[in-house]
$ cat target-v5.cif   # mmCIF, C-alpha atoms
data_query
#
loop_
_atom_site.label_atom_id
_atom_site.label_comp_id
_atom_site.auth_asym_id
_atom_site.auth_seq_id
_atom_site.Cartn_x
_atom_site.Cartn_y
_atom_site.Cartn_z
CA MET A 238 -4.47 31.96 82.33
CA ASN A 239 -2.84 35.18 83.49
CA LYS A 240 -1.21 37.81 81.33
CA ALA A 241 2.03 39.59 82.13
CA ILE A 242 4.24 42.51 81.35
CA PHE A 243 7.79 41.20 81.37
CA LEU A 244 10.15 44.08 82.12
CA ASP A 245 13.83 44.38 81.44
CA LYS A 246 15.43 45.95 84.52
CA ASP A 247 18.47 48.07 83.61
CA GLY A 248 17.75 50.88 81.19
CA THR A 249 14.04 50.11 81.00
CA LEU A 250 12.57 49.92 84.51
CA ILE A 251 15.46 51.61 86.34
CA PRO A 252 18.26 53.88 85.09
CA ASP A 253 21.17 51.84 83.75
CA ILE A 254 24.15 51.97 86.11
CA PRO A 255 26.38 49.12 84.86
CA TYR A 256 26.69 46.22 87.31
CA ASN A 257 25.03 48.18 90.12
CA VAL A 258 23.92 46.16 93.14
CA ASP A 259 23.80 49.09 95.58
CA PRO A 260 20.13 49.49 96.59
CA GLU A 261 20.74 53.16 97.44
CA LYS A 262 21.41 53.89 93.75
CA ILE A 263 18.22 52.22 92.49
CA THR A 264 15.29 54.39 91.42
CA LEU A 265 12.43 53.79 89.02
CA SER A 266 12.88 55.35 85.58
CA ASN A 267 11.12 58.58 84.80
CA ASP A 268 7.90 58.04 82.85
CA ALA A 269 7.35 54.49 84.15
CA VAL A 270 5.09 54.56 87.20
CA ALA A 271 1.83 55.80 85.65
CA GLY A 272 2.14 53.22 82.87
CA LEU A 273 2.85 50.40 85.30
CA ILE A 274 -0.16 51.37 87.42
CA LYS A 275 -2.34 51.37 84.30
CA LEU A 276 -1.04 47.98 83.17
CA GLN A 277 -1.49 46.38 86.58
CA SER A 278 -5.01 47.79 86.85
CA GLU A 279 -5.77 46.05 83.53
CA GLY A 280 -4.81 42.71 85.07
CA TYR A 281 -1.21 42.32 83.95
CA LYS A 282 1.29 40.73 86.31
CA LEU A 283 4.55 42.72 86.46
CA ILE A 284 7.62 40.49 86.21
CA ILE A 285 11.26 41.51 85.83
CA ILE A 286 13.42 39.54 83.37
CA SER A 287 17.08 40.52 83.70
CA ASN A 288 20.51 39.38 82.53
CA GLN A 289 22.93 39.72 85.44
CA SER A 290 26.28 38.65 84.03
CA GLY A 291 28.12 40.49 86.82
CA VAL A 292 28.04 37.20 88.73
CA ALA A 293 29.70 35.24 85.89
CA ARG A 294 32.22 38.04 85.48
CA GLY A 295 33.04 37.99 89.22
CA TYR A 296 31.88 41.56 89.87
CA PHE A 297 29.38 40.59 92.58
CA THR A 298 27.78 37.53 94.14
CA GLU A 299 24.22 36.32 93.60
CA ASP A 300 23.17 37.25 97.14
CA LYS A 301 23.61 40.95 96.21
CA LEU A 302 20.70 40.58 93.77
CA HIS A 303 18.34 39.80 96.65
CA ALA A 304 18.87 43.33 98.02
CA VAL A 305 18.25 44.72 94.52
CA ALA A 306 14.98 42.79 94.24
CA ASP A 307 13.93 43.93 97.72
CA LYS A 308 14.62 47.58 96.82
CA ILE A 309 12.61 47.37 93.59
CA LYS A 310 9.76 45.65 95.43
CA GLU A 311 9.85 48.46 98.02
CA LEU A 312 9.80 51.14 95.28
CA PHE A 313 6.82 49.38 93.67
CA GLU A 314 4.96 49.24 96.99
CA TRP A 315 5.54 52.97 97.56
CA GLU A 316 3.79 53.56 94.23
CA GLY A 317 0.91 51.19 94.99
CA LEU A 318 2.29 48.50 92.67
CA ARG A 319 2.99 44.81 93.20
CA LEU A 320 6.09 43.12 91.79
CA ASP A 321 4.93 39.63 90.87
CA GLY A 322 8.31 38.13 90.00
CA PHE A 323 12.01 38.79 89.52
CA TYR A 324 13.90 36.40 87.24
CA TYR A 325 17.58 36.76 86.42
CA CYS A 326 20.27 34.95 84.49
CA LEU A 327 23.72 34.81 86.11
CA HIS A 328 25.52 33.33 83.10
CA HIS A 329 27.76 34.72 80.41
CA PRO A 330 29.90 32.61 78.05
CA GLN A 331 32.82 35.02 78.55
CA GLY A 332 32.51 35.03 82.34
CA LYS A 333 35.43 33.99 84.48
CA LEU A 334 33.65 31.91 87.13
CA PRO A 335 33.33 28.17 86.40
CA GLY A 336 29.72 27.04 86.22
CA TYR A 337 28.57 30.52 85.26
CA ASN A 338 30.70 30.96 82.11
CA ILE A 339 28.37 28.90 79.95
CA GLU A 340 25.94 29.19 77.08
CA CYS A 341 22.48 28.79 78.60
CA ASP A 342 18.83 28.90 77.63
CA CYS A 343 17.97 31.68 80.08
CA ARG A 344 20.24 34.57 79.04
CA LYS A 345 18.39 36.98 76.77
CA PRO A 346 18.01 36.82 73.78
CA ALA A 347 17.04 33.25 74.73
CA ALA A 348 13.51 32.85 76.10
CA GLY A 349 14.23 30.64 79.12
CA MET A 350 13.44 33.18 81.86
CA LEU A 351 10.13 34.11 80.25
CA LEU A 352 9.17 30.47 79.80
CA ARG A 353 9.98 29.70 83.44
CA ALA A 354 8.03 32.75 84.67
CA ALA A 355 5.08 31.76 82.49
CA ALA A 356 5.06 28.27 83.99
CA ASP A 357 5.45 29.58 87.55
CA HIS A 358 2.62 32.14 87.21
CA THR A 359 0.28 30.33 84.77
CA ILE A 360 0.80 33.02 82.13
CA SER A 361 -0.51 33.04 78.59
CA LEU A 362 2.52 34.20 76.61
CA GLU A 363 0.47 35.16 73.56
CA ASN A 364 -1.48 37.61 75.75
CA SER A 365 1.66 39.04 77.33
CA TRP A 366 4.28 41.63 76.43
CA MET A 367 8.05 41.95 76.88
CA ILE A 368 9.30 45.52 77.32
CA GLY A 369 13.01 46.24 76.98
CA ASP A 370 15.54 48.78 75.79
CA ILE A 371 17.60 46.58 73.46
CA LEU A 372 16.81 44.13 70.68
CA ASN A 373 17.99 41.17 72.78
CA ASP A 374 14.96 41.89 75.02
CA VAL A 375 12.71 42.01 71.97
CA GLU A 376 14.14 38.76 70.63
CA ALA A 377 13.62 36.98 73.96
CA GLY A 378 10.00 38.12 74.06
CA ASN A 379 9.34 37.16 70.46
CA ARG A 380 10.96 33.74 70.93
CA ALA A 381 8.71 33.16 73.95
CA GLY A 382 5.62 34.05 71.92
CA CYS A 383 4.92 37.47 73.45
CA LYS A 384 4.25 40.77 71.79
CA THR A 385 7.16 43.14 72.30
CA VAL A 386 8.03 46.76 72.97
CA LEU A 387 11.39 48.38 72.31
CA ILE A 388 12.00 51.40 74.53
CA ASP A 389 14.09 53.49 72.16
CA ASN A 390 16.08 55.52 74.67
CA GLY A 391 19.51 55.27 73.05
CA ASN A 392 20.64 52.07 74.80
CA GLU A 393 20.36 49.92 71.66
CA THR A 394 23.55 50.72 69.78
CA GLU A 395 24.13 47.65 67.60
CA TRP A 396 20.77 47.36 65.76
CA VAL A 397 21.59 43.83 64.59
CA GLU A 398 18.56 42.60 62.67
CA GLY A 399 17.25 39.06 62.70
CA PRO A 400 14.06 37.03 62.37
CA CYS A 401 12.99 37.53 66.02
CA ARG A 402 14.32 41.06 66.55
CA LYS A 403 11.44 43.18 65.22
CA PRO A 404 9.38 44.75 68.03
CA THR A 405 5.62 44.94 67.87
CA ILE A 406 5.91 48.63 68.76
CA ILE A 407 8.65 51.15 69.54
CA CYS A 408 8.11 53.72 72.29
CA GLU A 409 10.11 56.26 74.25
CA ASN A 410 9.16 55.03 77.74
CA ILE A 411 6.96 52.66 79.71
CA ASN A 412 4.14 55.20 80.11
CA GLU A 413 3.83 55.57 76.33
CA ALA A 414 4.16 51.81 75.87
CA ALA A 415 1.30 51.16 78.31
CA GLY A 416 -1.15 53.30 76.38
CA ARG A 417 -0.18 51.87 73.01
CA LEU A 418 -0.12 48.21 73.98
CA LEU A 419 -3.46 48.47 75.77
CA THR A 420 -4.95 49.96 72.59
CA ILE A 421 -3.53 47.05 70.56
CA ASP A 422 -4.89 44.51 73.03
CA LYS A 423 -8.36 46.12 72.97
CA HIS A 424 -8.41 46.03 69.16
CA GLU A 425 -7.39 42.36 69.18
CA LEU A 426 -10.15 41.54 71.68
CA ALA A 427 -12.70 43.44 69.61
CA GLY A 428 -11.68 41.40 66.55
CA LEU A 429 -12.46 38.08 68.24
#
$ encode --input "target-v5.cif" --output "structure tokens"
Amino acid sequence: MNKAIFLDKDGTLIPDIPYNVDPEKITLSNDAVAGLIKLQSEGYKLIIISNQSGVARGYFTEDKLHAVADKIKELFEWEGLRLDGFYYCLHHPQGKLPGYNIECDCRKPAAGMLLRAAADHTISLENSWMIGDILNDVEAGNRAGCKTVLIDNGNETEWVEGPCRKPTIICENINEAAGRLLTIDKHELAGL
């Protein structure tokens, strides 16, 4: 079984520009690359898990997300990284496009995207982590059976508590998260 780092895209991996599908505006977040390199060198697959309700809302079409994925893959390759997967949910119950304006099992905080990625990549969820900047990311990871990291960068504004919304750790960025979660994983392995 493989292990993975599931990454929220907007606000975690890349700066949050709402509903952006312009590849020219996509950059990797500060304080992310060194951590991602460390995590990948430790055998983690790097997989993006992203809500993209702009499709349901009629702001852009799904084909625009292919250019976004290509740009992120290119940015990863420039840094010596490999993007192992890019999963997105196009739904939102308040969307205006029929077929996309539904409740689904993939939109975070549901775990559907993580479960599908785990099946596609033979991933052990209990040995994997979900990293995101809001508690919906944390809840999705916890529901899937992962350990979780909340990147506390000011993007979580609601702080709605619930049984699946407590992160394993809270960090300021991916670089810090990498060091801390690797330490936790090493302690868990030593305890076996």
$ resolve_selection --input "target-v5.cif" --expression "the PyMOL selection byres ((chain A and resi 275-279) around 9)" --output "mmCIF file with C-alpha atoms, in the frame of the given file"
data_model
loop_
_atom_site.group_PDB
_atom_site.id
_atom_site.type_symbol
_atom_site.label_atom_id
_atom_site.label_comp_id
_atom_site.auth_asym_id
_atom_site.auth_seq_id
_atom_site.Cartn_x
_atom_site.Cartn_y
_atom_site.Cartn_z
ATOM 1 C CA ALA A 241 2.030 39.590 82.130
ATOM 2 C CA ILE A 242 4.240 42.510 81.350
ATOM 3 C CA VAL A 270 5.090 54.560 87.200
ATOM 4 C CA ALA A 271 1.830 55.800 85.650
ATOM 5 C CA GLY A 272 2.140 53.220 82.870
ATOM 6 C CA LEU A 273 2.850 50.400 85.300
ATOM 7 C CA ILE A 274 -0.160 51.370 87.420
ATOM 8 C CA GLY A 280 -4.810 42.710 85.070
ATOM 9 C CA TYR A 281 -1.210 42.320 83.950
ATOM 10 C CA LYS A 282 1.290 40.730 86.310
ATOM 11 C CA LEU A 283 4.550 42.720 86.460
ATOM 12 C CA LEU A 318 2.290 48.500 92.670
ATOM 13 C CA ARG A 319 2.990 44.810 93.200
ATOM 14 C CA ASN A 412 4.140 55.200 80.110
ATOM 15 C CA ALA A 415 1.300 51.160 78.310
ATOM 16 C CA GLY A 416 -1.150 53.300 76.380
ATOM 17 C CA LEU A 419 -3.460 48.470 75.770
#
$ residues_around --input "target-v5.cif" --residues "Ile406 (chain A)" --least-positions-apart "4" --cutoff "9 Å" --atoms "only C-alpha atoms" --output "list in words"
Lys384, Thr385, Val386, Leu387, Ile388, Ala414, Arg417 and Leu418 of chain A
$ resolve_selection --input "target-v5.cif" --expression "the PyMOL selection byres ((chain A and resi 403) around 9)" --output "list in words"
Leu372, Val375, Glu376, Asn379, Thr385, Leu387, Glu398, Gly399, Pro400, Cys401, Arg402, Pro404, Thr405 and Ile406 of chain A
$ write_last_selection --input "target-v5.cif" --atoms "C-alpha atoms" --output "short mmCIF file (atom, residue, chain, number, x, y, z; two decimals), in the coordinates of the input"
data_model
loop_
_atom_site.label_atom_id
_atom_site.label_comp_id
_atom_site.auth_asym_id
_atom_site.auth_seq_id
_atom_site.Cartn_x
_atom_site.Cartn_y
_atom_site.Cartn_z
CA LEU A 372 16.81 44.13 70.68
CA VAL A 375 12.71 42.01 71.97
CA GLU A 376 14.14 38.76 70.63
CA ASN A 379 9.34 37.16 70.46
CA THR A 385 7.16 43.14 72.30
CA LEU A 387 11.39 48.38 72.31
CA GLU A 398 18.56 42.60 62.67
CA GLY A 399 17.25 39.06 62.70
CA PRO A 400 14.06 37.03 62.37
CA CYS A 401 12.99 37.53 66.02
CA ARG A 402 14.32 41.06 66.55
CA PRO A 404 9.38 44.75 68.03
CA THR A 405 5.62 44.94 67.87
CA ILE A 406 5.91 48.63 68.76
#
$ closest_residue --input "target-v5.cif" --among "A:Val258, A:Ala381, A:Ile284, A:Val292" --to "Asp357 (chain A)" --atoms "all atoms listed in the file"
A:Ile284
$ closest_residue --input "target-v5.cif" --among "A:Asp253, A:Glu316, A:Glu299, A:Asp245" --to "Trp366 (chain A)" --atoms "only C-alpha atoms"
A:Asp245
$ atom_distance --input "target-v5.cif" --atom1 "CA of His424 (chain A)" --atom2 "CA of Ser365 (chain A)"
14.7 Å
$ closest_residue --input "target-v5.cif" --among "A:Ile263, A:Ala427, A:Cys326, A:Ile407" --to "Gly291 (chain A)" --atoms "all atoms listed in the file"
A:Cys326
$ residues_around --input "target-v5.cif" --residues "Met350 (chain A)" --least-positions-apart "3" --cutoff "12 Å" --atoms "all atoms listed in the file" --output "PyMOL selection string"
chain A and resi 243-245+284-288+322-327+341-347+353-357+367+374+377-378+380-381
$ closest_residue --input "target-v5.cif" --among "A:Trp396, A:Lys240, A:Asn338, A:Thr298" --to "Leu351 (chain A)" --atoms "all atoms listed in the file"
A:Lys240
$ atom_distance --input "target-v5.cif" --atom1 "CA of His358 (chain A)" --atom2 "CA of Ala306 (chain A)"
17.8 Å
$ atom_distance --input "target-v5.cif" --atom1 "CA of Asn392 (chain A)" --atom2 "CA of Leu312 (chain A)"
23.2 Å
